[in-house]
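Source file: target.txt; contents: compact mmCIF, C-alpha atoms and all ligand atoms.
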# COMPACT_ATOMS: atom_id res chain seq x y z
CA MET A 9 76.79 105.16 75.19
CA LYS A 10 80.59 105.08 75.42
CA VAL A 11 82.38 103.52 72.47
CA ALA A 12 85.53 101.42 72.85
CA LEU A 13 87.82 99.99 70.20
CA VAL A 14 89.94 97.01 71.23
CA THR A 15 92.87 95.68 69.21
CA GLY A 16 93.84 92.10 70.10
CA ILE A 17 90.23 91.32 71.02
CA THR A 18 90.66 87.65 70.11
CA GLY A 19 93.47 87.25 72.69
CA GLN A 20 93.30 86.41 76.40
CA ASP A 21 93.02 90.01 77.64
CA GLY A 22 90.84 91.14 74.74
CA ALA A 23 88.22 88.54 75.65
CA TYR A 24 88.09 89.50 79.34
CA LEU A 25 88.17 93.22 78.56
CA ALA A 26 85.35 92.93 76.01
CA GLU A 27 83.21 91.18 78.65
CA LEU A 28 83.99 93.89 81.19
CA LEU A 29 83.19 96.76 78.81
CA LEU A 30 79.94 95.15 77.66
CA ASP A 31 78.95 94.73 81.31
CA LYS A 32 79.61 98.43 81.80
CA GLY A 33 77.26 99.31 78.93
CA TYR A 34 79.87 100.16 76.26
CA MET A 35 79.54 99.68 72.51
CA VAL A 36 82.57 97.47 71.84
CA HIS A 37 84.37 97.34 68.49
CA GLY A 38 87.15 94.82 68.09
CA ILE A 39 89.83 94.30 65.47
CA LYS A 40 90.44 90.71 64.43
CA ARG A 41 92.92 89.37 61.93
CA ARG A 42 91.87 87.38 58.94
CA ALA A 43 92.94 83.76 59.45
CA SER A 44 92.46 80.59 57.44
CA SER A 45 90.60 79.01 60.35
CA PHE A 46 88.38 80.43 63.10
CA ASN A 47 90.36 82.51 65.60
CA THR A 48 87.50 83.87 67.70
CA THR A 49 86.92 80.99 70.15
CA ARG A 50 87.62 83.19 73.18
CA ILE A 51 84.91 85.68 72.20
CA ASP A 52 82.33 83.54 70.38
CA HIS A 53 79.99 83.77 73.38
CA LEU A 54 79.90 87.57 72.91
CA TYR A 55 78.99 87.41 69.21
CA GLN A 56 75.87 89.34 68.23
CA ASP A 57 74.02 88.90 64.98
CA PRO A 58 74.71 92.03 62.89
CA HIS A 59 71.08 91.97 61.78
CA GLU A 60 69.91 92.49 65.34
CA LYS A 61 68.98 95.97 66.51
CA ASN A 62 71.03 97.59 69.30
CA GLN A 63 74.14 95.61 68.46
CA ARG A 64 76.83 96.43 71.04
CA PHE A 65 79.61 94.12 69.89
CA LYS A 66 81.13 94.36 66.45
CA LEU A 67 84.26 92.89 64.88
CA HIS A 68 86.28 94.48 62.08
CA TYR A 69 88.99 92.84 60.01
CA GLY A 70 92.30 94.59 60.51
CA ASP A 71 95.96 94.42 61.36
CA LEU A 72 98.37 96.57 63.33
CA THR A 73 100.76 96.52 60.38
CA ASP A 74 98.22 98.28 58.13
CA SER A 75 97.96 102.04 58.77
CA MET A 76 95.17 102.73 56.32
CA ASN A 77 93.03 99.97 57.72
CA LEU A 78 93.52 101.26 61.27
CA THR A 79 92.78 104.83 60.27
CA ARG A 80 89.57 103.81 58.52
CA ILE A 81 88.34 101.75 61.46
CA ILE A 82 89.08 104.56 63.92
CA GLN A 83 87.31 107.05 61.67
CA GLU A 84 84.27 104.80 61.29
CA THR A 85 83.98 103.92 64.98
CA GLN A 86 84.94 107.32 66.52
CA PRO A 87 85.98 105.63 69.79
CA ASP A 88 86.02 107.33 73.19
CA GLU A 89 88.60 104.78 74.30
CA ILE A 90 91.10 102.62 72.42
CA TYR A 91 92.71 99.66 74.15
CA ASN A 92 95.77 98.63 72.15
CA LEU A 93 96.18 95.01 73.23
CA GLY A 94 97.15 93.57 69.84
CA ALA A 95 100.71 92.25 69.65
CA MET A 96 102.95 89.34 68.77
CA SER A 97 103.13 88.65 72.48
CA HIS A 98 105.43 85.63 72.81
CA VAL A 99 108.90 86.54 74.10
CA LYS A 100 110.67 83.41 72.81
CA VAL A 101 109.00 83.62 69.37
CA SER A 102 110.13 87.26 69.05
CA PHE A 103 113.71 85.98 68.65
CA ASP A 104 112.51 84.07 65.56
CA ILE A 105 110.45 86.90 64.02
CA PRO A 106 112.09 90.09 65.35
CA GLU A 107 111.25 92.34 62.39
CA TYR A 108 107.57 91.43 62.37
CA THR A 109 107.47 91.88 66.15
CA ALA A 110 108.95 95.37 65.85
CA ASN A 111 106.43 96.24 63.16
CA ALA A 112 103.30 95.00 64.96
CA ASP A 113 104.24 95.75 68.58
CA GLY A 114 106.31 98.91 68.12
CA ILE A 115 105.21 100.72 64.97
CA GLY A 116 101.67 99.35 65.40
CA THR A 117 101.30 101.57 68.46
CA LEU A 118 102.58 104.58 66.53
CA ARG A 119 100.01 103.87 63.80
CA ILE A 120 97.17 104.03 66.33
CA LEU A 121 98.42 107.24 67.96
CA GLU A 122 99.06 108.94 64.63
CA ALA A 123 95.68 107.90 63.23
CA VAL A 124 93.92 109.42 66.24
CA ARG A 125 95.90 112.64 65.80
CA LEU A 126 95.41 112.93 62.02
CA LEU A 127 91.67 112.34 62.42
CA GLY A 128 91.51 115.24 64.88
CA LEU A 129 90.37 112.92 67.68
CA GLU A 130 93.25 113.71 70.04
CA LYS A 131 90.98 115.54 72.50
CA LYS A 132 88.23 112.90 72.36
CA THR A 133 89.89 109.51 72.21
CA ARG A 134 91.72 108.06 75.22
CA ILE A 135 94.35 105.43 74.49
CA TYR A 136 95.54 102.53 76.63
CA GLN A 137 98.85 100.95 75.61
CA ALA A 138 99.54 97.36 76.74
CA SER A 139 103.02 97.83 78.14
CA THR A 140 104.81 95.09 79.97
CA SER A 141 107.08 94.14 82.85
CA GLU A 142 109.40 92.72 80.15
CA LEU A 143 110.62 96.34 79.81
CA TYR A 144 112.52 95.87 83.10
CA GLY A 145 114.35 92.85 81.67
CA LEU A 146 117.80 92.56 83.22
CA VAL A 147 117.23 93.29 86.87
CA GLN A 148 118.16 96.85 87.86
CA ALA A 149 116.20 96.91 91.12
CA VAL A 150 113.32 95.09 92.83
CA PRO A 151 110.47 95.52 93.35
CA GLN A 152 109.95 97.20 89.98
CA SER A 153 107.88 100.39 90.00
CA GLU A 154 106.99 103.19 87.56
CA THR A 155 110.44 104.75 88.21
CA THR A 156 112.63 101.65 87.83
CA PRO A 157 114.96 101.90 84.79
CA PHE A 158 114.26 99.66 81.78
CA TYR A 159 116.70 97.12 80.28
CA PRO A 160 114.85 95.05 77.63
CA ARG A 161 116.12 91.52 76.94
CA SER A 162 114.24 90.39 73.80
CA PRO A 163 113.09 91.74 70.43
CA TYR A 164 109.59 91.72 71.97
CA ALA A 165 110.67 93.91 74.89
CA VAL A 166 112.63 96.26 72.60
CA ALA A 167 109.55 96.70 70.38
CA LYS A 168 107.41 97.32 73.45
CA ILE A 169 109.86 99.92 74.75
CA TYR A 170 109.35 101.89 71.54
CA ALA A 171 105.59 101.59 72.07
CA TYR A 172 105.96 102.74 75.67
CA TRP A 173 107.93 105.87 74.81
CA ILE A 174 105.93 106.84 71.72
CA THR A 175 102.83 106.74 73.94
CA VAL A 176 104.53 109.04 76.48
CA ASN A 177 105.74 111.28 73.67
CA TYR A 178 102.30 111.72 72.06
CA ARG A 179 100.87 112.52 75.49
CA GLU A 180 103.48 115.21 76.07
CA ALA A 181 103.68 116.55 72.50
CA TYR A 182 99.97 116.69 71.64
CA GLY A 183 98.27 116.62 75.03
CA MET A 184 96.67 113.26 74.24
CA PHE A 185 95.12 111.11 76.95
CA ALA A 186 97.49 108.20 76.28
CA CYS A 187 98.60 105.88 79.08
CA ASN A 188 100.81 102.86 79.63
CA GLY A 189 99.70 100.05 81.84
CA ILE A 190 102.94 98.26 82.76
CA LEU A 191 101.37 94.90 83.44
CA PHE A 192 103.21 92.00 85.01
CA ASN A 193 102.39 88.45 83.85
CA HIS A 194 98.72 87.59 84.07
CA GLU A 195 97.19 84.25 83.30
CA SER A 196 93.83 82.45 83.15
CA PRO A 197 92.16 79.44 81.57
CA LEU A 198 92.12 81.56 78.38
CA ARG A 199 95.92 81.96 78.39
CA GLY A 200 97.66 81.03 75.12
CA GLU A 201 98.76 77.39 75.18
CA THR A 202 102.49 78.08 74.73
CA PHE A 203 102.96 80.45 77.68
CA VAL A 204 104.50 78.65 80.61
CA THR A 205 101.55 78.53 83.04
CA ARG A 206 99.07 77.19 80.49
CA LYS A 207 101.63 74.79 79.07
CA ILE A 208 102.04 73.42 82.60
CA THR A 209 98.34 73.20 83.48
CA ARG A 210 97.52 71.50 80.17
CA ALA A 211 100.30 68.95 80.66
CA VAL A 212 99.31 68.31 84.28
CA ALA A 213 95.71 67.64 83.23
CA GLN A 214 96.80 65.29 80.45
CA ILE A 215 99.31 63.41 82.63
CA ALA A 216 96.66 62.93 85.34
CA LEU A 217 94.21 61.63 82.71
CA GLY A 218 96.81 59.24 81.29
CA GLN A 219 97.03 61.11 77.97
CA GLN A 220 100.67 62.30 78.25
CA ASP A 221 103.82 61.02 79.99
CA ILE A 222 106.30 63.87 80.30
CA LEU A 223 106.26 67.66 80.53
CA TYR A 224 109.34 69.20 78.91
CA MET A 225 110.29 72.56 80.41
CA GLY A 226 112.78 75.40 79.85
CA ASN A 227 114.27 77.51 82.64
CA LEU A 228 112.75 76.39 85.94
CA GLU A 229 114.63 79.07 87.92
CA ALA A 230 112.88 82.12 86.39
CA GLN A 231 110.68 84.07 88.79
CA ARG A 232 107.45 85.77 87.78
CA ASP A 233 104.85 87.97 89.47
CA TRP A 234 101.72 86.14 88.29
CA GLY A 235 98.18 87.54 88.55
CA HIS A 236 94.79 86.74 87.00
CA ALA A 237 93.85 88.38 83.67
CA LYS A 238 90.36 89.15 84.96
CA ASP A 239 91.80 91.42 87.67
CA TYR A 240 94.20 93.04 85.23
CA VAL A 241 91.64 94.13 82.61
CA GLU A 242 89.78 95.92 85.41
CA ALA A 243 92.98 97.93 86.00
CA MET A 244 93.19 98.80 82.28
CA TRP A 245 89.73 100.32 82.39
CA ARG A 246 90.46 102.23 85.60
CA ILE A 247 93.61 103.73 84.06
CA LEU A 248 91.51 105.37 81.33
CA GLN A 249 88.93 106.71 83.83
CA GLN A 250 91.50 108.90 85.67
CA GLU A 251 91.41 112.69 85.53
CA LYS A 252 94.96 112.90 84.18
CA PRO A 253 96.74 110.48 81.84
CA GLU A 254 99.46 108.57 83.70
CA ASP A 255 101.36 105.28 83.58
CA PHE A 256 100.78 102.53 86.15
CA VAL A 257 102.46 99.29 87.23
CA ILE A 258 99.92 96.50 87.71
CA ALA A 259 101.24 93.54 89.69
CA THR A 260 100.53 91.42 92.75
CA GLY A 261 103.78 92.16 94.61
CA ILE A 262 104.56 88.44 95.00
CA THR A 263 107.03 86.49 92.88
CA THR A 264 107.20 82.72 92.36
CA LYS A 265 109.67 80.39 90.63
CA VAL A 266 108.50 78.47 87.56
CA ARG A 267 109.49 75.28 89.41
CA ASP A 268 107.09 76.15 92.25
CA PHE A 269 104.25 76.78 89.81
CA VAL A 270 104.88 73.30 88.39
CA GLN A 271 104.63 71.80 91.88
CA MET A 272 101.46 73.73 92.70
CA ALA A 273 99.80 72.58 89.48
CA PHE A 274 100.69 68.90 90.02
CA ALA A 275 99.42 69.14 93.61
CA GLU A 276 95.98 70.09 92.20
CA VAL A 277 95.66 66.60 90.69
CA GLY A 278 97.14 64.81 93.70
CA TYR A 279 100.82 64.46 92.78
CA GLN A 280 103.45 65.72 95.23
CA LEU A 281 106.51 66.44 93.08
CA ARG A 282 110.17 66.31 94.11
CA PHE A 283 112.85 67.96 91.97
CA GLU A 284 116.23 66.23 91.66
CA GLY A 285 119.43 67.08 89.79
CA GLU A 286 120.55 70.40 88.36
CA GLY A 287 120.36 72.48 85.19
CA VAL A 288 119.48 70.49 82.07
CA ASP A 289 119.61 67.27 84.13
CA GLU A 290 116.96 68.40 86.60
CA ILE A 291 113.91 66.12 86.77
CA GLY A 292 110.54 66.27 88.50
CA VAL A 293 109.67 62.97 90.22
CA VAL A 294 106.34 61.94 91.75
CA ALA A 295 107.11 61.65 95.48
CA GLU A 296 103.64 61.00 96.83
CA ILE A 297 100.15 60.46 95.44
CA ASP A 298 96.93 61.72 96.98
CA ALA A 299 94.77 58.94 95.57
CA GLU A 300 91.46 60.56 96.55
CA ARG A 301 92.33 63.77 94.79
CA LEU A 302 93.46 61.98 91.67
CA LYS A 303 90.40 59.75 91.58
CA ALA A 304 88.14 62.78 91.78
CA ILE A 305 89.25 63.97 88.34
CA GLN A 306 89.52 60.62 86.58
CA THR A 307 86.58 58.96 84.89
CA LYS A 308 88.12 55.50 84.92
CA ASN A 309 91.38 54.11 86.24
CA GLN A 310 93.60 55.94 83.76
CA ASN A 311 96.56 56.36 86.07
CA LYS A 312 99.86 55.18 84.64
CA VAL A 313 101.87 57.19 87.13
CA ALA A 314 103.42 55.53 90.19
CA ILE A 315 105.58 56.95 92.95
CA GLY A 316 109.05 57.50 91.50
CA THR A 317 107.81 58.24 87.96
CA VAL A 318 109.62 61.09 86.20
CA VAL A 319 106.99 63.54 84.90
CA VAL A 320 109.13 66.65 84.25
CA ARG A 321 112.34 66.99 82.24
CA VAL A 322 114.31 70.00 81.02
CA ASP A 323 114.70 70.64 77.29
CA PRO A 324 117.14 73.45 76.39
CA THR A 325 115.07 74.16 73.24
CA TYR A 326 112.90 76.26 75.52
CA PHE A 327 115.80 78.38 76.88
CA ARG A 328 115.93 81.95 75.61
CA PRO A 329 119.09 83.58 74.19
CA THR A 330 118.70 86.25 76.88
CA GLU A 331 116.44 85.59 79.85
CA VAL A 332 114.54 87.78 82.29
CA ASP A 333 115.38 86.15 85.62
CA LEU A 334 113.25 87.99 88.12
CA LEU A 335 110.08 90.06 87.91
CA LEU A 336 108.45 91.44 91.02
CA GLY A 337 106.17 94.46 90.71
CA ASP A 338 105.36 97.23 93.15
CA PRO A 339 101.65 98.05 92.64
CA THR A 340 101.53 100.81 95.31
CA LYS A 341 100.62 103.60 92.86
CA ALA A 342 97.78 101.57 91.32
CA GLN A 343 96.48 100.65 94.77
CA GLN A 344 96.51 104.26 95.95
CA GLN A 345 95.38 106.12 92.83
CA LEU A 346 93.20 103.56 91.05
CA GLY A 347 91.92 101.83 94.17
CA TRP A 348 92.92 98.60 92.38
CA LYS A 349 93.43 95.39 94.32
CA PRO A 350 93.52 91.89 92.81
CA LYS A 351 90.78 89.48 93.90
CA TYR A 352 92.64 86.31 92.90
CA THR A 353 95.61 84.70 94.66
CA LEU A 354 98.16 82.55 92.84
CA ALA A 355 96.66 79.46 94.54
CA SER A 356 93.16 80.25 93.23
CA LEU A 357 94.57 80.98 89.77
CA VAL A 358 96.39 77.63 89.59
CA GLN A 359 93.30 75.85 90.86
CA GLU A 360 91.06 77.45 88.21
CA MET A 361 93.51 76.80 85.37
CA VAL A 362 94.12 73.12 86.21
CA ALA A 363 90.41 72.47 86.77
CA ALA A 364 89.55 74.06 83.41
CA ASP A 365 92.16 72.00 81.56
CA VAL A 366 91.03 68.80 83.23
CA VAL A 367 87.49 69.46 81.94
CA LEU A 368 88.89 70.27 78.49
CA PHE A 369 90.88 67.04 78.17
CA LYS A 370 88.25 64.88 79.82
CA ASN A 371 85.96 66.00 77.01
CA GLY A 372 88.64 65.02 74.50
CA LYS A 373 89.48 68.57 73.34
P1 LIG B 1 97.55 87.23 73.31
O1 LIG B 1 98.75 86.71 72.62
O2 LIG B 1 96.60 86.29 73.97
O3 LIG B 1 96.69 88.11 72.29
C1 LIG B 1 97.31 88.95 71.36
C2 LIG B 1 96.26 89.52 70.45
O4 LIG B 1 96.89 90.35 69.48
C3 LIG B 1 95.47 88.46 69.66
O5 LIG B 1 94.15 88.89 69.52
C4 LIG B 1 96.18 88.47 68.30
O6 LIG B 1 95.37 88.03 67.25
C5 LIG B 1 96.45 89.96 68.18
N1 LIG B 1 97.47 90.29 67.19
C6 LIG B 1 98.68 89.73 67.02
N2 LIG B 1 99.33 90.30 66.00
C7 LIG B 1 98.50 91.25 65.51
C8 LIG B 1 98.57 92.15 64.42
N3 LIG B 1 99.64 92.22 63.64
N4 LIG B 1 97.53 92.97 64.21
C9 LIG B 1 96.43 92.91 64.98
N5 LIG B 1 96.29 92.08 66.01
C10 LIG B 1 97.31 91.25 66.28
O7 LIG B 1 98.08 88.31 74.38
P2 LIG B 1 97.45 88.75 75.79
O8 LIG B 1 96.00 88.88 75.68
O9 LIG B 1 98.04 87.90 76.84
O10 LIG B 1 98.12 90.19 75.97
C11 LIG B 1 97.48 91.36 75.48
C12 LIG B 1 98.52 92.46 75.32
O11 LIG B 1 99.13 92.74 76.58
C13 LIG B 1 99.64 92.14 74.37
O12 LIG B 1 100.01 93.35 73.74
C14 LIG B 1 100.77 91.67 75.28
O13 LIG B 1 102.01 91.90 74.66
C15 LIG B 1 100.55 92.56 76.48
N6 LIG B 1 100.95 92.05 77.76
C16 LIG B 1 100.52 90.81 78.18
C17 LIG B 1 100.83 90.36 79.44
C18 LIG B 1 100.37 89.03 79.92
O14 LIG B 1 100.93 88.54 80.91
N7 LIG B 1 99.36 88.42 79.32
C19 LIG B 1 101.64 91.19 80.37
C20 LIG B 1 101.99 92.49 79.83
C21 LIG B 1 101.66 92.89 78.58
P3 LIG B 1 95.25 86.47 66.87
O15 LIG B 1 94.26 85.88 67.86
O16 LIG B 1 94.76 86.49 65.48
O17 LIG B 1 96.62 85.87 67.04
P1 LIG B 2 106.99 85.72 79.58
O1 LIG B 2 105.99 84.47 79.69
O2 LIG B 2 108.16 85.43 78.74
O3 LIG B 2 107.24 86.17 80.99
O4 LIG B 2 106.08 86.76 78.80
P2 LIG B 2 106.18 82.91 79.49
O5 LIG B 2 105.04 82.29 80.18
O6 LIG B 2 106.41 82.57 78.06
O7 LIG B 2 107.54 82.60 80.28
C1 LIG B 2 107.68 82.83 81.67
C2 LIG B 2 108.99 82.24 82.16
O8 LIG B 2 108.92 80.82 82.11
C3 LIG B 2 110.12 80.32 81.57
N1 LIG B 2 109.89 78.99 80.98
C4 LIG B 2 109.12 78.73 79.90
N2 LIG B 2 108.37 79.54 79.13
C5 LIG B 2 107.66 78.98 78.12
N3 LIG B 2 106.86 79.75 77.37
N4 LIG B 2 107.72 77.64 77.85
C6 LIG B 2 108.48 76.79 78.60
O9 LIG B 2 108.53 75.61 78.35
C7 LIG B 2 109.20 77.36 79.69
N5 LIG B 2 110.01 76.84 80.64
C8 LIG B 2 110.41 77.84 81.41
C9 LIG B 2 110.54 81.37 80.55
O10 LIG B 2 111.92 81.21 80.20
C10 LIG B 2 110.22 82.63 81.34
O11 LIG B 2 111.28 82.95 82.18
C11 LIG B 2 104.70 86.94 79.12
C12 LIG B 2 103.96 87.33 77.84
O12 LIG B 2 102.58 87.33 78.11
C13 LIG B 2 104.38 88.72 77.40
O13 LIG B 2 103.57 89.14 76.32
C14 LIG B 2 104.22 89.69 78.56
O14 LIG B 2 104.64 90.96 78.18
C15 LIG B 2 105.01 89.20 79.76
O15 LIG B 2 104.55 87.92 80.12
C16 LIG B 2 104.84 90.11 80.97
In structure tokens, how does this file's structure come out?
Amino acid sequence: MKVALVTGITGQDGAYLAELLLDKGYMVHGIKRRASSFNTTRIDHLYQDPHEKNQRFKLHYGDLTDSMNLTRIIQETQPDEIYNLGAMSHVKVSFDIPEYTANADGIGTLRILEAVRLLGLEKKTRIYQASTSELYGLVQAVPQSETTPFYPRSPYAVAKIYAYWITVNYREAYGMFACNGILFNHESPLRGETFVTRKITRAVAQIALGQQDILYMGNLEAQRDWGHAKDYVEAMWRILQQEKPEDFVIATGITTKVRDFVQMAFAEVGYQLRFEGEGVDEIGVVAEIDAERLKAIQTKNQNKVAIGTVVVRVDPTYFRPTEVDLLLGDPTKAQQQLGWKPKYTLASLVQEMVAADVVLFKNGK
């Protein structure tokens, strides 16, 4: 049985990847952080009683800032594959906690690589590093491929650039099977609540159910290449099954403005939105209501929204000191070498996310 160790298993990607690896027959070890309240909601359905025989899913307390802890877990678990998904992953928050971000996201990756090497596992253990399209930052060229130059625009991206290059360096210096997946934004109903897509779908659900009035947004002009996390964890696994260790861009090849995502999400609950004004004065106004669609999600007549109601406003609090304006990936190499092709479209992603949040808020979560 193949053994995998996943850092960041309690996060969006960790949860989908754990499911995928269990389906493929792996023994899955995950590292979770100690927290004062439960932080395993995304993976609770995978929990197995440690007293049961043939346990294939096991969690270990740990942290990417603790070398000795990581070394011990790697020694104990002797993994065939490590997926390093753990990170302080919020770009805006990284401006508030830059040193911690560098430690966890940058040096954390070094700690994993060095532990594997010191334990003499460099010929056994394959390592996947969760690299990011944020490395491209200030646009140098589009679409962005494996050969496009990097220009990071946040403490998060600068930490991840260290992680990217230390992964390349350990591959070249010690012949380790260590790879970067340069993944563009990927979302799902499990997406963290403060990332833009989930923030939007949650607000849309609550506004449609009469539980919230306004959605406050940051930069509506930014463009992102959004895919579904379920498709992207499949690519992670394929990257580690190659004959040679290489780096891959994983993206859909389509980019969309934040503003358009907002409109698509509102359309799911029956509101056609019109944007008016500019910059911080821009507002999103309900231009039309599809009453049938709206009624289908409401349990009683909760609608407080009429045509002409303002449901979106801009709040500069959400602007970033330096922004990444445009991300658009070129997944040609992944398509050709990994045979990877996403199953979800943006429309099906938005539909799934809004529907899931409607259920969540209908049930009073
Ligand atoms: P999440 O924020 O959902 O999950 C991050 C995970 O890392 C959580 O399990 C979190 O634990 C854990 N973590 C945070 N800090 C530490 C630490 N110091 N030590 C150990 N674990 C830690 O991110 P995603 O699942 O969306 O992303 C997975 C990885 O992929 C991240 O590295 C991210 O930077 C990267 N990435 C994500 C993309 C995306 O669009 N989703 C695109 C490209 C790259 P806890 O639950 O306790 O907070
Ligand atoms: P990003 O994702 O920074 O691309 O990083 P996020 O969803 O946070 O932002 C995307 C774009 O939307 C704009 N935006 C807002 N963002 C947030 N969070 N909240 C808002 O209110 C808002 N309004 C507008 C942002 O300015 C930005 O342009 C994600 C993370 O998952 C990283 O870990 C990962 O590496 C990259 O994707 C690829």
(Q) If we draw a sphere of 12 Å around (102.5, 71.2, 79.8), which residues have at least one atom in it when counting all atoms listed in the file? Please report them as an MDAnalysis selection string. (A) chainID A and resid 200:216 219:226 269:270 273:274 319:322 361:362 365
Keeping only C-alpha atoms, write the selected residues as a PDB file, keeping the file's coordinate frame.
ATOM      1  CA  GLY A 200      97.660  81.030  75.120  1.00  0.00           C
ATOM      2  CA  GLU A 201      98.760  77.390  75.180  1.00  0.00           C
ATOM      3  CA  THR A 202     102.490  78.080  74.730  1.00  0.00           C
ATOM      4  CA  PHE A 203     102.960  80.450  77.680  1.00  0.00           C
ATOM      5  CA  VAL A 204     104.500  78.650  80.610  1.00  0.00           C
ATOM      6  CA  THR A 205     101.550  78.530  83.040  1.00  0.00           C
ATOM      7  CA  ARG A 206      99.070  77.190  80.490  1.00  0.00           C
ATOM      8  CA  LYS A 207     101.630  74.790  79.070  1.00  0.00           C
ATOM      9  CA  ILE A 208     102.040  73.420  82.600  1.00  0.00           C
ATOM     10  CA  THR A 209      98.340  73.200  83.480  1.00  0.00           C
ATOM     11  CA  ARG A 210      97.520  71.500  80.170  1.00  0.00           C
ATOM     12  CA  ALA A 211     100.300  68.950  80.660  1.00  0.00           C
ATOM     13  CA  VAL A 212      99.310  68.310  84.280  1.00  0.00           C
ATOM     14  CA  ALA A 213      95.710  67.640  83.230  1.00  0.00           C
ATOM     15  CA  GLN A 214      96.800  65.290  80.450  1.00  0.00           C
ATOM     16  CA  ILE A 215      99.310  63.410  82.630  1.00  0.00           C
ATOM     17  CA  ALA A 216      96.660  62.930  85.340  1.00  0.00           C
ATOM     18  CA  GLN A 219      97.030  61.110  77.970  1.00  0.00           C
ATOM     19  CA  GLN A 220     100.670  62.300  78.250  1.00  0.00           C
ATOM     20  CA  ASP A 221     103.820  61.020  79.990  1.00  0.00           C
ATOM     21  CA  ILE A 222     106.300  63.870  80.300  1.00  0.00           C
ATOM     22  CA  LEU A 223     106.260  67.660  80.530  1.00  0.00           C
ATOM     23  CA  TYR A 224     109.340  69.200  78.910  1.00  0.00           C
ATOM     24  CA  MET A 225     110.290  72.560  80.410  1.00  0.00           C
ATOM     25  CA  GLY A 226     112.780  75.400  79.850  1.00  0.00           C
ATOM     26  CA  PHE A 269     104.250  76.780  89.810  1.00  0.00           C
ATOM     27  CA  VAL A 270     104.880  73.300  88.390  1.00  0.00           C
ATOM     28  CA  ALA A 273      99.800  72.580  89.480  1.00  0.00           C
ATOM     29  CA  PHE A 274     100.690  68.900  90.020  1.00  0.00           C
ATOM     30  CA  VAL A 319     106.990  63.540  84.900  1.00  0.00           C
ATOM     31  CA  VAL A 320     109.130  66.650  84.250  1.00  0.00           C
ATOM     32  CA  ARG A 321     112.340  66.990  82.240  1.00  0.00           C
ATOM     33  CA  VAL A 322     114.310  70.000  81.020  1.00  0.00           C
ATOM     34  CA  MET A 361      93.510  76.800  85.370  1.00  0.00           C
ATOM     35  CA  VAL A 362      94.120  73.120  86.210  1.00  0.00           C
ATOM     36  CA  ASP A 365      92.160  72.000  81.560  1.00  0.00           C
TER      37      ASP A 365
END
Q.
Report, in Å with one decimal, the straight-line distance from atom CA of Ile39 of chain A to atom O17 of ligand LIG 1 (chain B).
A.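 Going from atom CA of Ile39 of chain A over to atom O17 of ligand LIG 1 (chain B) covers 10.9 Å.
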List all protein, DNA and RNA residues that have at least one atom no more than 7 Å from any atom of ligand LIG 1 (chain B), counting all atoms listed in the file, and write them as a PDB file with C-alpha atoms, in the coordinates of the input.
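Once everything was written out, this is result_31.pdb:
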ATOM      1  CA  THR A  15      92.870  95.680  69.210  1.00  0.00           C
ATOM      2  CA  GLY A  16      93.840  92.100  70.100  1.00  0.00           C
ATOM      3  CA  ILE A  17      90.230  91.320  71.020  1.00  0.00           C
ATOM      4  CA  THR A  18      90.660  87.650  70.110  1.00  0.00           C
ATOM      5  CA  GLY A  19      93.470  87.250  72.690  1.00  0.00           C
ATOM      6  CA  GLN A  20      93.300  86.410  76.400  1.00  0.00           C
ATOM      7  CA  ASP A  21      93.020  90.010  77.640  1.00  0.00           C
ATOM      8  CA  GLY A  22      90.840  91.140  74.740  1.00  0.00           C
ATOM      9  CA  ILE A  39      89.830  94.300  65.470  1.00  0.00           C
ATOM     10  CA  LYS A  40      90.440  90.710  64.430  1.00  0.00           C
ATOM     11  CA  ARG A  41      92.920  89.370  61.930  1.00  0.00           C
ATOM     12  CA  ALA A  43      92.940  83.760  59.450  1.00  0.00           C
ATOM     13  CA  ASN A  47      90.360  82.510  65.600  1.00  0.00           C
ATOM     14  CA  GLY A  70      92.300  94.590  60.510  1.00  0.00           C
ATOM     15  CA  ASP A  71      95.960  94.420  61.360  1.00  0.00           C
ATOM     16  CA  LEU A  72      98.370  96.570  63.330  1.00  0.00           C
ATOM     17  CA  THR A  73     100.760  96.520  60.380  1.00  0.00           C
ATOM     18  CA  ASN A  92      95.770  98.630  72.150  1.00  0.00           C
ATOM     19  CA  LEU A  93      96.180  95.010  73.230  1.00  0.00           C
ATOM     20  CA  GLY A  94      97.150  93.570  69.840  1.00  0.00           C
ATOM     21  CA  ALA A  95     100.710  92.250  69.650  1.00  0.00           C
ATOM     22  CA  MET A  96     102.950  89.340  68.770  1.00  0.00           C
ATOM     23  CA  SER A  97     103.130  88.650  72.480  1.00  0.00           C
ATOM     24  CA  HIS A  98     105.430  85.630  72.810  1.00  0.00           C
ATOM     25  CA  ALA A 112     103.300  95.000  64.960  1.00  0.00           C
ATOM     26  CA  ALA A 138      99.540  97.360  76.740  1.00  0.00           C
ATOM     27  CA  SER A 139     103.020  97.830  78.140  1.00  0.00           C
ATOM     28  CA  THR A 140     104.810  95.090  79.970  1.00  0.00           C
ATOM     29  CA  SER A 141     107.080  94.140  82.850  1.00  0.00           C
ATOM     30  CA  ILE A 190     102.940  98.260  82.760  1.00  0.00           C
ATOM     31  CA  LEU A 191     101.370  94.900  83.440  1.00  0.00           C
ATOM     32  CA  PHE A 192     103.210  92.000  85.010  1.00  0.00           C
ATOM     33  CA  ASN A 193     102.390  88.450  83.850  1.00  0.00           C
ATOM     34  CA  HIS A 194      98.720  87.590  84.070  1.00  0.00           C
ATOM     35  CA  GLU A 195      97.190  84.250  83.300  1.00  0.00           C
ATOM     36  CA  ARG A 199      95.920  81.960  78.390  1.00  0.00           C
ATOM     37  CA  GLY A 200      97.660  81.030  75.120  1.00  0.00           C
TER      38      GLY A 200
END
